[in-house]
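*Asks:* One structure follows; several queries about it will come next.
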Number of protein chains: 4
Amino acid sequence: MSDDFSPTDAQTACFEAGIKFGSLYHQFAGTPVSPQSADSLARAMEEAIENQPSCEAVRVEIDTDLLQDAIADSTAEYTELTGRFLDVEIDVVYDGCEVTASMHLEDGYPLMRLDSVE
Amino acid sequence: MSDDFSPTDAQTACFEAGIKFGSLYHQFAGTPVSPQSADSLARAMEEAIENQPSCEAVRVEIDTDLLQDAIADSTAEYTELTGRFLDVEIDVVYDGCEVTASMHLEDGYPLMRLDSVE
Amino acid sequence: MSDDFSPTDAQTACFEAGIKFGSLYHQFAGTPVSPQSADSLARAMEEAIENQPSCEAVRVEIDTDLLQDAIADSTAEYTELTGRFLDVEIDVVYDGCEVTASMHLEDGYPLMRLDSVE
Amino acid sequence: MSDDFSPTDAQTACFEAGIKFGSLYHQFAGTPVSPQSADSLARAMEEAIENQPSCEAVRVEIDTDLLQDAIADSTAEYTELTGRFLDVEIDVVYDGCEVTASMHLEDGYPLMRLDSVE
């Protein structure tokens, strides 16, 4: 029966949380960024993704120390946004089910994961 | 207890499926596209997202009739990729749990949804 | 002689101005946007592109009335950033040569053009 | 007189060439890529940007050896497209004026430059 395979609300909430992470990352990866412009970019990322359905809150931190290091190693005065500069947490609520997910650097790879599903 | 809120494998599979959809959409939305270039773009979208972890298969169709209509209405000979031209299906397998999700146009909005979770 | 074909400073300044426009448009097109989030997005676009070499100033306006109209026509509470909502002006200075370029909607197509080259 | 500051056809051709480079880079930077998917991505980038006005030809090469090295250094089986993997050449013709521009890695920075203006 196809009903056996229908998603639960919790599963849909997790799917929605994933959409927000993929959107945030691939919309903004590659943006020119410097320690001076990091704050306006982080705010815009938060407010942009909070527009999406079921998205309660988005918290974005861009590590300006790491940005400074990357710029010191290069000939340019800015770099491009990638996962290694980012720390992100997103809360999604779908039909009463609350999901919190986050993205942190782990072994050099920006790992996205579910933190809690209630 | 925090364990009560730990995600199941099925929930993680759904989260992973969501990441793929958000990534695909926001990486490629805005790409200049015409009926002639639609096929190479669709193939690149499939192969790019299939690189991501737990992603078994991606099927992308770009509606060239709708592209043609959009171009006929404008002064340019191409348009930009948006959800209304896209039909996408993605299979994710995480720890034995298989999720199929899709994106179709619904009431003018490119709706992403979980089709089955096994 | 190949020298005949070497670019002048003014031509290089125009090339640089073009890079900024292409970057701004294709980095941010597709971003979820609403009248409430338009301001943070416009500021982030300005500061991001101002990081690029030879870029003196970027002015971005997002037309919130047009956003409101687009949202009223749809089932969602936000839309995606495209050229029809944007008004952009960029100043580039390369080796003493100043170029101003802009993007405005013209016949439904977001036309980018050089306004002055000094 | 404002006419003194009006752009020449050659300057406009250079501006158009810049737009193509900025577009190509910021549309596709961040795309998941592996040696296996590099070819479909390069073809899609070429055909997408060739849609833009005045764009005669686009040649994109993605360095699969460098991709392989980047993947060997990480825990993932793919990486993200950035300028260090790219070699691009674009021909623009505007009102009889032909411009060739290219992007190559130079001191670790993906430098875009005008090669010839005829």
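Residues are referred to by chain and number: the chain letter is A, B, ... according to the order shown in the structure tokens, the number counts from 1 in that chain, and ligands are numbered separately from 1 in the order shown.
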Output as number ranges by chain the set of chain A residues within 10 Å of chain D, with distances taken over only C-alpha atoms.
*Replies:* A: 25-32, 73-76, 79-83, 106-109
*Asks:* Considering only C-alpha atoms, return as a list in words whatever protein or nucleic-acid residues lie within 6 Å of region 35-44 of chain C, sequence-local ones (same chain, fewer than 6 positions apart) excluded.
*Replies:*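 In the requested format, the answer is Ser40, Leu41, Ala44 and Glu47 of chain A; Val60 and Thr64 of chain C.
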*Asks:* Take the residues that were just selected and, keeping all heavy atoms, output them as a PDB file, in the first residue's frame.
*Replies:*
ATOM      1  N   SER A  40      26.675  42.407   6.946  1.00  0.00           N
ATOM      2  CA  SER A  40      25.493  42.644   6.100  1.00  0.00           C
ATOM      3  C   SER A  40      25.118  41.373   5.331  1.00  0.00           C
ATOM      4  O   SER A  40      23.936  41.096   5.109  1.00  0.00           O
ATOM      5  CB  SER A  40      25.719  43.818   5.133  1.00  0.00           C
ATOM      6  OG  SER A  40      26.735  43.538   4.189  1.00  0.00           O
ATOM      7  N   LEU A  41      26.118  40.598   4.964  1.00  0.00           N
ATOM      8  CA  LEU A  41      25.823  39.351   4.248  1.00  0.00           C
ATOM      9  C   LEU A  41      25.105  38.353   5.173  1.00  0.00           C
ATOM     10  O   LEU A  41      24.099  37.743   4.779  1.00  0.00           O
ATOM     11  CB  LEU A  41      27.114  38.740   3.694  1.00  0.00           C
ATOM     12  CG  LEU A  41      26.950  37.441   2.902  1.00  0.00           C
ATOM     13  CD1 LEU A  41      25.971  37.597   1.742  1.00  0.00           C
ATOM     14  CD2 LEU A  41      28.304  36.960   2.390  1.00  0.00           C
ATOM     15  N   ALA A  44      21.488  39.402   5.621  1.00  0.00           N
ATOM     16  CA  ALA A  44      20.695  39.155   4.410  1.00  0.00           C
ATOM     17  C   ALA A  44      20.401  37.667   4.238  1.00  0.00           C
ATOM     18  O   ALA A  44      19.295  37.286   3.828  1.00  0.00           O
ATOM     19  CB  ALA A  44      21.429  39.689   3.180  1.00  0.00           C
ATOM     20  N   GLU A  47      17.551  36.783   6.765  1.00  0.00           N
ATOM     21  CA  GLU A  47      16.225  37.298   6.402  1.00  0.00           C
ATOM     22  C   GLU A  47      15.707  36.669   5.103  1.00  0.00           C
ATOM     23  O   GLU A  47      14.502  36.487   4.932  1.00  0.00           O
ATOM     24  CB  GLU A  47      16.264  38.825   6.281  1.00  0.00           C
ATOM     25  CG  GLU A  47      16.511  39.512   7.625  1.00  0.00           C
ATOM     26  CD  GLU A  47      16.198  41.002   7.601  1.00  0.00           C
ATOM     27  OE1 GLU A  47      15.549  41.477   6.647  1.00  0.00           O
ATOM     28  OE2 GLU A  47      16.621  41.707   8.536  1.00  0.00           O
TER      29      GLU A  47
ATOM     30  N   VAL C  60      22.060  49.782  -4.890  1.00  0.00           N
ATOM     31  CA  VAL C  60      21.027  48.815  -5.268  1.00  0.00           C
ATOM     32  C   VAL C  60      19.696  49.247  -4.670  1.00  0.00           C
ATOM     33  O   VAL C  60      19.609  49.509  -3.469  1.00  0.00           O
ATOM     34  CB  VAL C  60      21.362  47.402  -4.740  1.00  0.00           C
ATOM     35  CG1 VAL C  60      20.198  46.437  -4.999  1.00  0.00           C
ATOM     36  CG2 VAL C  60      22.641  46.869  -5.366  1.00  0.00           C
ATOM     37  N   THR C  64       9.959  47.598  -3.734  1.00  0.00           N
ATOM     38  CA  THR C  64       9.076  46.830  -2.839  1.00  0.00           C
ATOM     39  C   THR C  64       7.613  46.869  -3.296  1.00  0.00           C
ATOM     40  O   THR C  64       6.852  45.958  -2.960  1.00  0.00           O
ATOM     41  CB  THR C  64       9.191  47.330  -1.382  1.00  0.00           C
ATOM     42  OG1 THR C  64       9.002  48.736  -1.356  1.00  0.00           O
ATOM     43  CG2 THR C  64      10.559  46.996  -0.805  1.00  0.00           C
TER      44      THR C  64
END
*Asks:* If you run DSSP on the backbone here, which positions in region 18-113 of chain A get strand (DSSP E or B)? Please write them as a VMD selection string.
*Replies:* chain A and resid 32 to 33 55 to 62 79 to 80 86 to 94 97 to 106 109 to 113
*Asks:* In Å, how far is it from CA of Asp69 (chain C) to CA of Gln68 (chain B)?
*Replies:*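 Between these atoms lies a distance of 25.1 Å.
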*Asks:* Residues at most 12 Å from Ala10 (chain A), counting only C-alpha atoms, excluding those fewer than 6 positions away in the same chain, as a list in words?
*Replies:*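 Here the qualifying residues turn out to be Glu16, Ala17, Val92, Val93, Tyr94, Asp95, Gly96, Cys97, Glu98, Val99, Thr100, Leu114, Ser116, Val117 and Glu118 of chain A; Phe5, Ser6, Pro7, Thr8, Ala10, Gln11, Thr12, Ala13, Cys14, Phe15, Leu114 and Val117 of chain B.
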*Asks:* Residues as selected, N, CA, C and O atoms, written as a tab-separated table (two decimals), in the first residue's frame, can you do that?
*Replies:*
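Generated output (result_33.tsv):
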chain	number	residue	atom	x	y	z
A	16	GLU	N	11.81	19.87	4.97
A	16	GLU	CA	11.78	21.33	4.88
A	16	GLU	C	13.06	21.96	5.44
A	16	GLU	O	13.59	22.92	4.87
A	17	ALA	N	13.57	21.40	6.53
A	17	ALA	CA	14.82	21.93	7.11
A	17	ALA	C	15.97	21.75	6.12
A	17	ALA	O	16.82	22.63	5.94
A	92	VAL	N	12.83	25.00	12.06
A	92	VAL	CA	11.67	24.82	11.19
A	92	VAL	C	10.52	24.27	12.03
A	92	VAL	O	10.74	23.40	12.88
A	93	VAL	N	9.33	24.79	11.80
A	93	VAL	CA	8.15	24.21	12.44
A	93	VAL	C	7.14	23.85	11.36
A	93	VAL	O	6.73	24.71	10.57
A	94	TYR	N	6.78	22.55	11.31
A	94	TYR	CA	5.81	22.08	10.32
A	94	TYR	C	4.72	21.31	11.04
A	94	TYR	O	4.99	20.28	11.66
A	95	ASP	N	3.51	21.83	10.99
A	95	ASP	CA	2.36	21.15	11.59
A	95	ASP	C	2.64	20.73	13.03
A	95	ASP	O	2.37	19.58	13.42
A	96	GLY	N	3.23	21.63	13.79
A	96	GLY	CA	3.47	21.36	15.21
A	96	GLY	C	4.76	20.62	15.51
A	96	GLY	O	5.16	20.49	16.67
A	97	CYS	N	5.42	20.15	14.47
A	97	CYS	CA	6.67	19.43	14.69
A	97	CYS	C	7.85	20.39	14.50
A	97	CYS	O	7.96	21.05	13.46
A	98	GLU	N	8.72	20.47	15.52
A	98	GLU	CA	9.82	21.43	15.48
A	98	GLU	C	11.16	20.74	15.23
A	98	GLU	O	11.52	19.79	15.93
A	99	VAL	N	11.87	21.24	14.25
A	99	VAL	CA	13.17	20.67	13.89
A	99	VAL	C	14.23	21.76	13.99
A	99	VAL	O	14.02	22.88	13.51
A	100	THR	N	15.34	21.43	14.63
A	100	THR	CA	16.49	22.33	14.62
A	100	THR	C	17.64	21.62	13.92
A	100	THR	O	17.92	20.45	14.20
A	114	LEU	N	20.81	17.30	11.41
A	114	LEU	CA	19.64	17.50	12.26
A	114	LEU	C	20.10	17.46	13.71
A	114	LEU	O	20.75	16.49	14.13
A	116	SER	N	17.75	18.29	16.46
A	116	SER	CA	16.64	17.74	17.24
A	116	SER	C	15.36	17.77	16.41
A	116	SER	O	15.17	18.64	15.56
A	117	VAL	N	14.50	16.78	16.68
A	117	VAL	CA	13.19	16.66	16.02
A	117	VAL	C	12.18	16.40	17.12
A	117	VAL	O	12.26	15.38	17.80
A	118	GLU	N	11.27	17.35	17.33
A	118	GLU	CA	10.29	17.15	18.42
A	118	GLU	C	8.87	17.01	17.87
A	118	GLU	O	8.41	17.90	17.17
B	5	PHE	N	14.73	13.28	21.18
B	5	PHE	CA	14.68	14.20	20.06
B	5	PHE	C	15.70	13.88	18.99
B	5	PHE	O	15.86	14.64	18.04
B	6	SER	N	16.43	12.76	19.15
B	6	SER	CA	17.40	12.38	18.13
B	6	SER	C	16.68	11.96	16.87
B	6	SER	O	15.67	11.26	16.93
B	7	PRO	N	17.19	12.36	15.72
B	7	PRO	CA	16.52	12.01	14.47
B	7	PRO	C	16.65	10.52	14.16
B	7	PRO	O	17.67	9.90	14.45
B	8	THR	N	15.63	9.97	13.54
B	8	THR	CA	15.69	8.60	13.03
B	8	THR	C	16.41	8.60	11.67
B	8	THR	O	16.62	9.66	11.07
B	10	ALA	N	15.14	7.55	8.94
B	10	ALA	CA	14.18	8.02	7.93
B	10	ALA	C	14.12	9.55	7.92
B	10	ALA	O	14.06	10.17	6.85
B	11	GLN	N	14.15	10.14	9.12
B	11	GLN	CA	14.14	11.61	9.18
B	11	GLN	C	15.40	12.20	8.57
B	11	GLN	O	15.36	13.21	7.86
B	12	THR	N	16.53	11.56	8.85
B	12	THR	CA	17.78	12.05	8.25
B	12	THR	C	17.75	11.91	6.73
B	12	THR	O	18.21	12.80	6.00
B	13	ALA	N	17.17	10.83	6.25
B	13	ALA	CA	17.05	10.66	4.79
B	13	ALA	C	16.20	11.78	4.20
B	13	ALA	O	16.50	12.31	3.11
B	14	CYS	N	15.14	12.15	4.90
B	14	CYS	CA	14.28	13.25	4.42
B	14	CYS	C	15.03	14.58	4.44
B	14	CYS	O	14.89	15.41	3.52
B	15	PHE	N	15.81	14.80	5.49
B	15	PHE	CA	16.64	16.02	5.58
B	15	PHE	C	17.62	16.06	4.40
B	15	PHE	O	17.75	17.09	3.73
B	114	LEU	N	7.90	15.42	-0.50
B	114	LEU	CA	8.29	14.03	-0.31
B	114	LEU	C	7.23	13.15	-0.96
B	114	LEU	O	6.04	13.28	-0.67
B	117	VAL	N	8.68	7.48	1.55
B	117	VAL	CA	9.75	7.23	2.53
B	117	VAL	C	9.64	5.76	2.92
B	117	VAL	O	8.62	5.34	3.48
*Asks:* In Å, with one decimal, what is the gap from CA of Cys55 (chain B) to CA of Leu105 (chain B)?
*Replies:*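 Interatomic distance here is 22.6 Å.
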*Asks:* Using the chain letters and numbers from this document, which residues of region 44-116 of chain A does DSSP assign to helix (DSSP H, G or I), as a list in words?
*Replies:* Ala44, Met45, Glu46, Glu47, Ala48, Ile49, Glu50, Thr64, Asp65, Leu66, Leu67, Gln68, Asp69, Ala70, Ile71, Ala72, Gly83, Arg84 and Phe85 of chain A
*Asks:* Those selected residues, please, written with all heavy atoms and delivered as a short mmCIF file (atom, residue, chain, number, x, y, z; two decimals), in the first residue's frame.
*Replies:*
data_model
loop_
_atom_site.label_atom_id
_atom_site.label_comp_id
_atom_site.auth_asym_id
_atom_site.auth_seq_id
_atom_site.Cartn_x
_atom_site.Cartn_y
_atom_site.Cartn_z
N ALA A 44 21.49 39.40 5.62
CA ALA A 44 20.69 39.16 4.41
C ALA A 44 20.40 37.67 4.24
O ALA A 44 19.30 37.29 3.83
CB ALA A 44 21.43 39.69 3.18
N MET A 45 21.37 36.82 4.57
CA MET A 45 21.14 35.37 4.47
C MET A 45 20.03 34.93 5.42
O MET A 45 19.14 34.16 5.04
CB MET A 45 22.44 34.62 4.78
CG MET A 45 23.53 34.84 3.74
SD MET A 45 25.17 34.20 4.24
CE MET A 45 24.93 32.42 4.02
N GLU A 46 20.08 35.44 6.65
CA GLU A 46 19.06 35.09 7.63
C GLU A 46 17.66 35.52 7.16
O GLU A 46 16.72 34.72 7.14
CB GLU A 46 19.35 35.80 8.97
CG GLU A 46 20.59 35.27 9.67
CD GLU A 46 20.96 36.05 10.93
OE1 GLU A 46 20.45 37.17 11.12
OE2 GLU A 46 21.79 35.54 11.71
N GLU A 47 17.55 36.78 6.77
CA GLU A 47 16.23 37.30 6.40
C GLU A 47 15.71 36.67 5.10
O GLU A 47 14.50 36.49 4.93
CB GLU A 47 16.26 38.83 6.28
CG GLU A 47 16.51 39.51 7.62
CD GLU A 47 16.20 41.00 7.60
OE1 GLU A 47 15.55 41.48 6.65
OE2 GLU A 47 16.62 41.71 8.54
N ALA A 48 16.62 36.36 4.19
CA ALA A 48 16.18 35.74 2.92
C ALA A 48 15.58 34.36 3.17
O ALA A 48 14.48 34.05 2.69
CB ALA A 48 17.36 35.63 1.95
N ILE A 49 16.28 33.54 3.95
CA ILE A 49 15.81 32.17 4.14
C ILE A 49 14.60 32.12 5.08
O ILE A 49 13.73 31.26 4.94
CB ILE A 49 16.97 31.27 4.64
CG1 ILE A 49 18.13 31.28 3.63
CG2 ILE A 49 16.49 29.83 4.88
CD1 ILE A 49 17.78 30.83 2.23
N GLU A 50 14.52 33.08 6.01
CA GLU A 50 13.33 33.13 6.88
C GLU A 50 12.06 33.38 6.08
O GLU A 50 10.95 33.13 6.58
CB GLU A 50 13.52 34.20 7.96
CG GLU A 50 14.49 33.74 9.06
CD GLU A 50 14.84 34.83 10.06
OE1 GLU A 50 14.45 36.00 9.85
OE2 GLU A 50 15.53 34.52 11.06
N THR A 64 34.96 35.97 10.99
CA THR A 64 35.80 37.01 10.39
C THR A 64 37.29 36.78 10.62
O THR A 64 38.12 37.26 9.85
CB THR A 64 35.39 38.42 10.90
OG1 THR A 64 35.37 38.40 12.32
CG2 THR A 64 34.02 38.81 10.38
N ASP A 65 37.65 36.01 11.66
CA ASP A 65 39.07 35.68 11.85
C ASP A 65 39.55 34.77 10.71
O ASP A 65 40.63 34.98 10.15
CB ASP A 65 39.30 34.98 13.20
CG ASP A 65 39.11 35.93 14.37
OD1 ASP A 65 39.23 37.17 14.16
OD2 ASP A 65 38.83 35.46 15.48
N LEU A 66 38.74 33.78 10.39
CA LEU A 66 39.11 32.89 9.29
C LEU A 66 39.13 33.65 7.95
O LEU A 66 39.97 33.39 7.09
CB LEU A 66 38.13 31.71 9.19
CG LEU A 66 38.32 30.58 10.20
CD1 LEU A 66 37.30 29.46 9.94
CD2 LEU A 66 39.74 30.00 10.12
N LEU A 67 38.19 34.59 7.79
CA LEU A 67 38.20 35.43 6.58
C LEU A 67 39.52 36.18 6.48
O LEU A 67 40.15 36.24 5.42
CB LEU A 67 37.07 36.46 6.61
CG LEU A 67 35.64 36.02 6.31
CD1 LEU A 67 34.73 37.25 6.38
CD2 LEU A 67 35.53 35.35 4.96
N GLN A 68 39.91 36.79 7.61
CA GLN A 68 41.15 37.57 7.66
C GLN A 68 42.35 36.70 7.29
O GLN A 68 43.22 37.12 6.52
CB GLN A 68 41.30 38.15 9.07
CG GLN A 68 42.24 39.33 9.16
CD GLN A 68 41.76 40.52 8.35
OE1 GLN A 68 40.81 41.17 8.70
NE2 GLN A 68 42.42 40.78 7.22
N ASP A 69 42.38 35.48 7.81
CA ASP A 69 43.47 34.56 7.48
C ASP A 69 43.49 34.24 5.99
O ASP A 69 44.56 34.20 5.36
CB ASP A 69 43.31 33.23 8.25
CG ASP A 69 43.51 33.41 9.76
OD1 ASP A 69 43.96 34.50 10.18
OD2 ASP A 69 43.21 32.46 10.50
N ALA A 70 42.33 33.98 5.43
CA ALA A 70 42.25 33.61 4.02
C ALA A 70 42.72 34.77 3.14
O ALA A 70 43.41 34.58 2.13
CB ALA A 70 40.82 33.21 3.64
N ILE A 71 42.36 35.99 3.54
CA ILE A 71 42.74 37.17 2.77
C ILE A 71 44.25 37.42 2.89
O ILE A 71 44.91 37.78 1.91
CB ILE A 71 41.91 38.39 3.23
CG1 ILE A 71 40.45 38.18 2.82
CG2 ILE A 71 42.47 39.69 2.66
CD1 ILE A 71 39.47 39.12 3.49
N ALA A 72 44.79 37.19 4.09
CA ALA A 72 46.23 37.39 4.30
C ALA A 72 47.06 36.45 3.41
O ALA A 72 48.16 36.79 2.98
CB ALA A 72 46.58 37.16 5.77
N GLY A 83 31.65 27.20 2.86
CA GLY A 83 31.18 26.61 4.11
C GLY A 83 32.16 26.73 5.26
O GLY A 83 31.75 26.76 6.42
N ARG A 84 33.45 26.83 4.96
CA ARG A 84 34.39 26.84 6.08
C ARG A 84 34.35 28.12 6.90
O ARG A 84 34.86 28.16 8.01
CB ARG A 84 35.83 26.54 5.60
CG ARG A 84 36.48 27.60 4.76
CD ARG A 84 37.73 27.01 4.09
NE ARG A 84 38.45 28.00 3.31
CZ ARG A 84 39.55 28.63 3.72
NH1 ARG A 84 40.05 28.39 4.91
NH2 ARG A 84 40.14 29.52 2.94
N PHE A 85 33.70 29.15 6.38
CA PHE A 85 33.57 30.40 7.15
C PHE A 85 32.24 30.47 7.91
O PHE A 85 31.99 31.43 8.63
CB PHE A 85 33.65 31.60 6.20
CG PHE A 85 34.93 31.66 5.42
CD1 PHE A 85 34.90 31.65 4.02
CD2 PHE A 85 36.16 31.72 6.06
CE1 PHE A 85 36.09 31.70 3.29
CE2 PHE A 85 37.35 31.77 5.34
CZ PHE A 85 37.31 31.75 3.95
#
